[in-house]
Amino acid sequence: MAVRAARLIGAEGRAIVLDFNRPMMKVGRDKARRANIIDRISFVQGDAEMAGFPNETFNAVTVGFGIRNLANLDQGLREMFRLLKNKGRLMILEFSMPPRSWQRSLYDFYSFKIMPLGARLICGTTGPFRYLAESIRVFDTPEGVAAKLRNAGFTDVGIKPLSLGIAVLYTGRKP
């Protein structure tokens, strides 16, 4: 997401990656280097619930498959709101459960039978993939996340299901 953002904002802008996980940042740094855009992206190890940047620093905040991992989602959303400038935009891409029962059944079969088998064959372990499948199932509904966005102060909150509801794009604006 940072590579795409850095390309969209152009040479005048800068993308900042904030991640708690140093190995994930290394992967992102390597991707940015391969994309020949490393000079427009800064990498900061930190906690999204207490980012450490001044108020109203950013024009936009994006999160890719990360809000499920926040210890306190409400605090994380309030922090994102604090970091945005007035009229700033928030975009979050996150996994979700499909809305229809037959889709959920297929998704469960894939998540708990197919994905772990593939993970064991490719990675030699199933732990992270089991966590992924379980964390998706205990995460709030799209409507619940949208309510939390509104409670954090965001307006123009939108929910757009993607891939039959397996992922959701949440959008909001700081007034």
# chains A, B, ... in the order shown; residues from 1 in each chain; ligands from 1
$ residues_around --residues "Thr57 in chain A" --least-positions-apart "4" --cutoff "12 Å" --atoms "only C-alpha atoms" --output "PyMOL selection string"
chain A and resi 14-16+51-53+61+79-86+88
$ residues_around --residues "Leu164 in chain A" --least-positions-apart "4" --cutoff "12 Å" --atoms "only C-alpha atoms" --output "list in words"
Phe95, Ser96, Met97, Pro98, Pro99, Arg100, Ser101, Trp102, Gln103, Arg104, Leu106, Tyr107, Lys160 and Val168 of chain A
$ write_last_selection --atoms "N, CA and C atoms" --output "CSV table (one decimal), in the first residue's frame"
chain,number,residue,atom,x,y,z
A,95,PHE,N,-9.9,-8.0,6.4
A,95,PHE,CA,-10.7,-9.2,6.2
A,95,PHE,C,-12.0,-9.2,6.9
A,96,SER,N,-13.0,-10.0,6.4
A,96,SER,CA,-14.3,-10.1,7.1
A,96,SER,C,-14.9,-11.4,6.8
A,97,MET,N,-16.0,-11.7,7.4
A,97,MET,CA,-16.7,-13.0,7.1
A,97,MET,C,-17.7,-12.7,6.0
A,98,PRO,N,-17.8,-13.5,5.0
A,98,PRO,CA,-18.9,-13.3,4.0
A,98,PRO,C,-20.3,-13.3,4.6
A,99,PRO,N,-21.2,-12.5,4.1
A,99,PRO,CA,-22.5,-12.3,4.7
A,99,PRO,C,-23.4,-13.5,4.6
A,100,ARG,N,-23.3,-14.3,3.5
A,100,ARG,CA,-24.2,-15.4,3.3
A,100,ARG,C,-23.7,-16.7,3.9
A,101,SER,N,-24.6,-17.5,4.5
A,101,SER,CA,-24.2,-18.7,5.2
A,101,SER,C,-23.5,-19.7,4.3
A,102,TRP,N,-23.9,-19.9,3.1
A,102,TRP,CA,-23.2,-20.8,2.2
A,102,TRP,C,-21.8,-20.4,1.9
A,103,GLN,N,-21.6,-19.1,1.8
A,103,GLN,CA,-20.3,-18.5,1.6
A,103,GLN,C,-19.4,-18.7,2.8
A,104,ARG,N,-20.0,-18.5,4.0
A,104,ARG,CA,-19.2,-18.7,5.2
A,104,ARG,C,-18.8,-20.2,5.4
A,106,LEU,N,-18.2,-22.3,2.9
A,106,LEU,CA,-17.1,-22.5,2.0
A,106,LEU,C,-15.8,-21.9,2.5
A,107,TYR,N,-15.9,-20.7,3.1
A,107,TYR,CA,-14.8,-20.0,3.6
A,107,TYR,C,-14.2,-20.7,4.8
A,160,LYS,N,-17.5,-1.0,1.9
A,160,LYS,CA,-17.6,-1.6,0.5
A,160,LYS,C,-17.1,-3.0,0.6
A,168,VAL,N,-13.3,-6.1,3.2
A,168,VAL,CA,-14.1,-4.9,3.3
A,168,VAL,C,-13.2,-3.7,3.2
$ residues_around --residues "Leu70 in chain A" --least-positions-apart "3" --cutoff "8 Å" --atoms "only C-alpha atoms" --output "PDB file with C-alpha atoms, in the first residue's frame"
ATOM      1  CA  ALA A  48      -0.771   2.356  15.955  1.00  0.00           C
ATOM      2  CA  GLU A  49      -2.622   3.019  19.206  1.00  0.00           C
ATOM      3  CA  GLY A  66      -4.045  -4.604  10.302  1.00  0.00           C
ATOM      4  CA  ILE A  67      -6.893  -3.328  12.461  1.00  0.00           C
ATOM      5  CA  LEU A  73      -9.605  -0.953  18.133  1.00  0.00           C
ATOM      6  CA  GLY A  76      -6.476   2.861  17.391  1.00  0.00           C
TER       7      GLY A  76
END
$ select_by_dssp --residues "range 19-155 of chain A" --states "strand (DSSP E)" --output "PDB file with N, CA and C atoms, in the first residue's frame"
ATOM      1  N   ASP A  19       4.593   0.424  11.680  1.00  0.00           N
ATOM      2  CA  ASP A  19       4.283  -0.979  11.958  1.00  0.00           C
ATOM      3  C   ASP A  19       4.989  -1.386  13.239  1.00  0.00           C
ATOM      4  N   ILE A  41       9.487   6.760   0.836  1.00  0.00           N
ATOM      5  CA  ILE A  41       8.797   6.050   1.911  1.00  0.00           C
ATOM      6  C   ILE A  41       9.704   5.995   3.133  1.00  0.00           C
ATOM      7  N   SER A  42       9.164   6.385   4.278  1.00  0.00           N
ATOM      8  CA  SER A  42       9.885   6.253   5.548  1.00  0.00           C
ATOM      9  C   SER A  42       9.238   5.131   6.346  1.00  0.00           C
ATOM     10  N   PHE A  43      10.047   4.393   7.077  1.00  0.00           N
ATOM     11  CA  PHE A  43       9.576   3.263   7.872  1.00  0.00           C
ATOM     12  C   PHE A  43       9.826   3.558   9.344  1.00  0.00           C
ATOM     13  N   VAL A  44       8.750   3.496  10.138  1.00  0.00           N
ATOM     14  CA  VAL A  44       8.815   3.801  11.563  1.00  0.00           C
ATOM     15  C   VAL A  44       8.225   2.622  12.325  1.00  0.00           C
ATOM     16  N   GLN A  45       9.009   2.064  13.242  1.00  0.00           N
ATOM     17  CA  GLN A  45       8.465   1.010  14.087  1.00  0.00           C
ATOM     18  C   GLN A  45       7.723   1.663  15.245  1.00  0.00           C
ATOM     19  N   PHE A  58      -1.143  14.089   8.971  1.00  0.00           N
ATOM     20  CA  PHE A  58      -1.291  13.405   7.684  1.00  0.00           C
ATOM     21  C   PHE A  58      -2.554  13.815   6.937  1.00  0.00           C
ATOM     22  N   ASN A  59      -2.446  13.820   5.614  1.00  0.00           N
ATOM     23  CA  ASN A  59      -3.597  14.047   4.734  1.00  0.00           C
ATOM     24  C   ASN A  59      -4.447  12.795   4.615  1.00  0.00           C
ATOM     25  N   ALA A  60      -3.825  11.644   4.737  1.00  0.00           N
ATOM     26  CA  ALA A  60      -4.539  10.374   4.615  1.00  0.00           C
ATOM     27  C   ALA A  60      -3.870   9.338   5.503  1.00  0.00           C
ATOM     28  N   VAL A  61      -4.680   8.412   5.983  1.00  0.00           N
ATOM     29  CA  VAL A  61      -4.191   7.254   6.733  1.00  0.00           C
ATOM     30  C   VAL A  61      -4.791   6.024   6.066  1.00  0.00           C
ATOM     31  N   THR A  62      -3.939   5.058   5.759  1.00  0.00           N
ATOM     32  CA  THR A  62      -4.409   3.799   5.192  1.00  0.00           C
ATOM     33  C   THR A  62      -3.928   2.656   6.074  1.00  0.00           C
ATOM     34  N   VAL A  63      -4.731   1.620   6.146  1.00  0.00           N
ATOM     35  CA  VAL A  63      -4.368   0.428   6.907  1.00  0.00           C
ATOM     36  C   VAL A  63      -4.718  -0.778   6.040  1.00  0.00           C
ATOM     37  N   GLY A  64      -3.788  -1.680   5.879  1.00  0.00           N
ATOM     38  CA  GLY A  64      -4.027  -2.881   5.095  1.00  0.00           C
ATOM     39  C   GLY A  64      -3.970  -4.116   5.971  1.00  0.00           C
ATOM     40  N   LEU A  84      -4.945  12.691  11.524  1.00  0.00           N
ATOM     41  CA  LEU A  84      -5.399  13.273  10.263  1.00  0.00           C
ATOM     42  C   LEU A  84      -5.611  14.780  10.363  1.00  0.00           C
ATOM     43  N   LYS A  85      -5.247  15.458   9.281  1.00  0.00           N
ATOM     44  CA  LYS A  85      -5.575  16.872   9.153  1.00  0.00           C
ATOM     45  C   LYS A  85      -7.073  16.988   8.916  1.00  0.00           C
ATOM     46  N   ASN A  86      -7.628  18.184   9.120  1.00  0.00           N
ATOM     47  CA  ASN A  86      -9.032  18.410   8.792  1.00  0.00           C
ATOM     48  C   ASN A  86      -9.262  18.070   7.325  1.00  0.00           C
ATOM     49  N   LYS A  87     -10.361  17.395   7.050  1.00  0.00           N
ATOM     50  CA  LYS A  87     -10.742  16.900   5.720  1.00  0.00           C
ATOM     51  C   LYS A  87      -9.875  15.725   5.266  1.00  0.00           C
ATOM     52  N   GLY A  88      -9.037  15.210   6.169  1.00  0.00           N
ATOM     53  CA  GLY A  88      -8.205  14.055   5.842  1.00  0.00           C
ATOM     54  C   GLY A  88      -9.037  12.796   5.663  1.00  0.00           C
ATOM     55  N   ARG A  89      -8.516  11.872   4.882  1.00  0.00           N
ATOM     56  CA  ARG A  89      -9.246  10.645   4.541  1.00  0.00           C
ATOM     57  C   ARG A  89      -8.621   9.427   5.207  1.00  0.00           C
ATOM     58  N   LEU A  90      -9.498   8.524   5.601  1.00  0.00           N
ATOM     59  CA  LEU A  90      -9.096   7.235   6.166  1.00  0.00           C
ATOM     60  C   LEU A  90      -9.579   6.136   5.230  1.00  0.00           C
ATOM     61  N   MET A  91      -8.694   5.177   4.942  1.00  0.00           N
ATOM     62  CA  MET A  91      -9.058   4.009   4.140  1.00  0.00           C
ATOM     63  C   MET A  91      -8.471   2.778   4.810  1.00  0.00           C
ATOM     64  N   ILE A  92      -9.327   1.829   5.119  1.00  0.00           N
ATOM     65  CA  ILE A  92      -8.911   0.598   5.790  1.00  0.00           C
ATOM     66  C   ILE A  92      -9.379  -0.587   4.958  1.00  0.00           C
ATOM     67  N   LEU A  93      -8.468  -1.473   4.652  1.00  0.00           N
ATOM     68  CA  LEU A  93      -8.801  -2.730   3.990  1.00  0.00           C
ATOM     69  C   LEU A  93      -8.608  -3.828   5.021  1.00  0.00           C
ATOM     70  N   GLU A  94      -9.660  -4.611   5.255  1.00  0.00           N
ATOM     71  CA  GLU A  94      -9.583  -5.643   6.300  1.00  0.00           C
ATOM     72  C   GLU A  94     -10.393  -6.865   5.894  1.00  0.00           C
ATOM     73  N   PHE A  95      -9.945  -8.015   6.385  1.00  0.00           N
ATOM     74  CA  PHE A  95     -10.690  -9.249   6.167  1.00  0.00           C
ATOM     75  C   PHE A  95     -12.008  -9.206   6.925  1.00  0.00           C
ATOM     76  N   THR A 155     -16.662  11.052   9.663  1.00  0.00           N
ATOM     77  CA  THR A 155     -17.914  11.266   8.939  1.00  0.00           C
ATOM     78  C   THR A 155     -17.780  10.615   7.564  1.00  0.00           C
TER      79      THR A 155
END
$ closest_residue --among "A:Ile122, A:Gly46, A:Gly127, A:Ala167" --to "Thr141 in chain A" --atoms "only C-alpha atoms"
A:Ala167
$ atom_distance --atom1 "CA of Asp140 in chain A" --atom2 "CA of Asn55 in chain A"
27.5 Å
$ residues_around --residues "Ser111 in chain A" --least-positions-apart "4" --cutoff "8 Å" --atoms "only C-alpha atoms" --output "ChimeraX atom specification"
/A:107,115-116,130,133
$ write_last_selection --atoms "N, CA and C atoms" --output "JSON list (two decimals), in the first residue's frame"
[["chain", "number", "residue", "atom", "x", "y", "z"],
["A", 107, "TYR", "N", -15.93, -20.68, 3.06],
["A", 107, "TYR", "CA", -14.79, -19.95, 3.60],
["A", 107, "TYR", "C", -14.20, -20.68, 4.81],
["A", 115, "MET", "N", -6.26, -24.07, 3.55],
["A", 115, "MET", "CA", -5.18, -23.14, 3.87],
["A", 115, "MET", "C", -4.14, -23.75, 4.81],
["A", 116, "PRO", "N", -4.52, -24.44, 5.88],
["A", 116, "PRO", "CA", -3.49, -25.04, 6.75],
["A", 116, "PRO", "C", -2.67, -26.12, 6.03],
["A", 130, "ARG", "N", -3.59, -20.31, 11.16],
["A", 130, "ARG", "CA", -4.68, -20.60, 12.09],
["A", 130, "ARG", "C", -5.09, -19.32, 12.80],
["A", 133, "ALA", "N", -7.19, -17.16, 10.39],
["A", 133, "ALA", "CA", -8.56, -17.65, 10.25],
["A", 133, "ALA", "C", -9.39, -17.36, 11.50]]
$ atom_distance --atom1 "CA of Met24 in chain A" --atom2 "CA of Arg7 in chain A"
20.4 Å
